[in-house]
file work_11.txt (compact mmCIF, C-alpha atoms)
# COMPACT_ATOMS: atom_id res chain seq x y z
CA MET A 12 -6.96 43.52 -95.24
CA ASN A 13 -8.03 40.92 -92.75
CA ALA A 14 -5.40 38.86 -90.87
CA LEU A 15 -6.94 35.65 -92.22
CA GLN A 16 -6.05 36.71 -95.75
CA LEU A 17 -2.33 36.99 -95.01
CA PRO A 18 -0.40 33.74 -95.24
CA HIS A 19 1.38 32.72 -92.07
CA PRO A 20 5.21 32.99 -92.34
CA GLY A 21 5.46 29.24 -91.74
CA VAL A 22 3.19 28.60 -94.72
CA GLN A 23 5.46 30.72 -96.93
CA ALA A 24 8.53 28.76 -95.82
CA CYS A 25 6.76 25.46 -96.38
CA ARG A 26 5.71 26.50 -99.90
CA GLY A 27 9.34 27.26 -100.72
CA ARG A 28 10.47 23.81 -99.58
CA LEU A 29 7.67 22.09 -101.47
CA GLU A 30 8.64 23.85 -104.68
CA GLN A 31 12.12 22.32 -104.32
CA ARG A 32 10.76 18.76 -104.07
CA LEU A 33 10.17 16.33 -106.93
CA ASN A 34 8.10 13.18 -107.15
CA LEU A 35 9.57 9.97 -108.54
CA GLY A 36 8.48 10.58 -112.14
CA HIS A 37 9.75 14.15 -112.31
CA ALA A 38 13.06 13.28 -110.63
CA ALA A 39 13.61 10.35 -112.99
CA LYS A 40 12.86 12.53 -116.00
CA LEU A 41 15.30 15.19 -114.78
CA LEU A 42 17.99 12.53 -114.30
CA LYS A 43 17.08 10.86 -117.62
CA ILE A 44 16.65 7.43 -116.04
CA ALA A 45 13.70 5.08 -115.62
CA PRO A 46 11.50 5.69 -112.57
CA LYS A 47 12.03 2.06 -111.51
CA THR A 48 15.82 2.57 -111.52
CA LEU A 49 15.47 5.66 -109.33
CA ARG A 50 13.07 3.91 -106.95
CA LEU A 51 15.43 0.94 -106.56
CA ALA A 52 18.34 3.30 -105.84
CA ALA A 53 16.23 5.14 -103.25
CA GLU A 54 15.16 1.87 -101.61
CA ALA A 55 18.83 0.80 -101.42
CA GLY A 56 19.72 4.11 -99.74
CA GLU A 57 21.93 5.21 -102.65
CA ILE A 58 19.90 8.40 -103.16
CA ASP A 59 18.39 10.63 -100.47
CA SER A 60 14.62 10.53 -100.56
CA ILE A 61 11.52 10.64 -98.41
CA HIS A 62 8.96 7.85 -98.45
CA PRO A 63 6.65 8.80 -95.59
CA LEU A 64 4.12 5.97 -95.90
CA PRO A 65 4.36 2.56 -97.59
CA ASP A 66 1.54 3.40 -100.00
CA ASP A 67 2.64 7.00 -100.54
CA ARG A 68 4.84 8.45 -103.24
CA TRP A 69 8.59 8.96 -103.13
CA ILE A 70 9.83 12.54 -102.71
CA PHE A 71 13.24 13.82 -103.81
CA ASP A 72 15.00 17.15 -103.28
CA GLN A 73 15.55 19.10 -106.46
CA PRO A 74 19.25 19.65 -107.18
CA GLY A 75 20.35 23.10 -106.14

call {"tool": "encode", "arguments": {"input": "work_11.txt", "output": "structure tokens"}}
result
Amino acid sequence: MNALQLPHPGVQACRGRLEQRLNLGHAAKLLKIAPKTLRLAAEAGEIDSIHPLPDDRWIFDQPG
């Protein structure tokens, strides 16, 4: 097997973190609330979230 076919350990770790993240719609569905309610709570700093760019989506950690 060629070295280019093996995923880098950093890629594996990143994949694991990404699988634990939810977008706004999925997080709202899991919490059984409207996406707008969740977004407003995130904007107010009441819920931890990531919003990397103004035109990008909100990202939430999946509960453990």

call {"tool": "residues_around", "arguments": {"input": "work_11.txt", "residues": "Leu35 of chain A", "least_positions_apart": "2", "cutoff": "9 Å", "atoms": "only C-alpha atoms", "output": "short mmCIF file (atom, residue, chain, number, x, y, z; two decimals) with C-alpha atoms, in the frame of the given file"}}
result
data_model
loop_
_atom_site.label_atom_id
_atom_site.label_comp_id
_atom_site.auth_asym_id
_atom_site.auth_seq_id
_atom_site.Cartn_x
_atom_site.Cartn_y
_atom_site.Cartn_z
CA LEU A 33 10.17 16.33 -106.93
CA HIS A 37 9.75 14.15 -112.31
CA ALA A 38 13.06 13.28 -110.63
CA ALA A 39 13.61 10.35 -112.99
CA LYS A 40 12.86 12.53 -116.00
CA PRO A 46 11.50 5.69 -112.57
CA LYS A 47 12.03 2.06 -111.51
CA LEU A 49 15.47 5.66 -109.33
CA ARG A 50 13.07 3.91 -106.95
CA ARG A 68 4.84 8.45 -103.24
CA TRP A 69 8.59 8.96 -103.13
CA ILE A 70 9.83 12.54 -102.71
CA PHE A 71 13.24 13.82 -103.81
#

call {"tool": "residues_around", "arguments": {"input": "work_11.txt", "residues": "Asp67 of chain A", "least_positions_apart": "5", "cutoff": "12 Å", "atoms": "all atoms listed in the file", "output": "ChimeraX atom specification"}}
result
/A:34-35,61-62

call {"tool": "write_last_selection", "arguments": {"input": "work_11.txt", "atoms": "C-alpha atoms", "output": "short mmCIF file (atom, residue, chain, number, x, y, z; two decimals), in the coordinates of the input"}}
result
data_model
loop_
_atom_site.label_atom_id
_atom_site.label_comp_id
_atom_site.auth_asym_id
_atom_site.auth_seq_id
_atom_site.Cartn_x
_atom_site.Cartn_y
_atom_site.Cartn_z
CA ASN A 34 8.10 13.18 -107.15
CA LEU A 35 9.57 9.97 -108.54
CA ILE A 61 11.52 10.64 -98.41
CA HIS A 62 8.96 7.85 -98.45
#

call {"tool": "atom_distance", "arguments": {"input": "work_11.txt", "atom1": "atom CA of Lys43 of chain A", "atom2": "atom CA of Pro63 of chain A"}}
result
24.5 Å

call {"tool": "atom_distance", "arguments": {"input": "work_11.txt", "atom1": "atom CA of Asp72 of chain A", "atom2": "atom CA of Ala55 of chain A"}}
result
16.9 Å

call {"tool": "atom_distance", "arguments": {"input": "work_11.txt", "atom1": "atom CA of Leu41 of chain A", "atom2": "atom CA of Gln73 of chain A"}}
result
9.2 Å
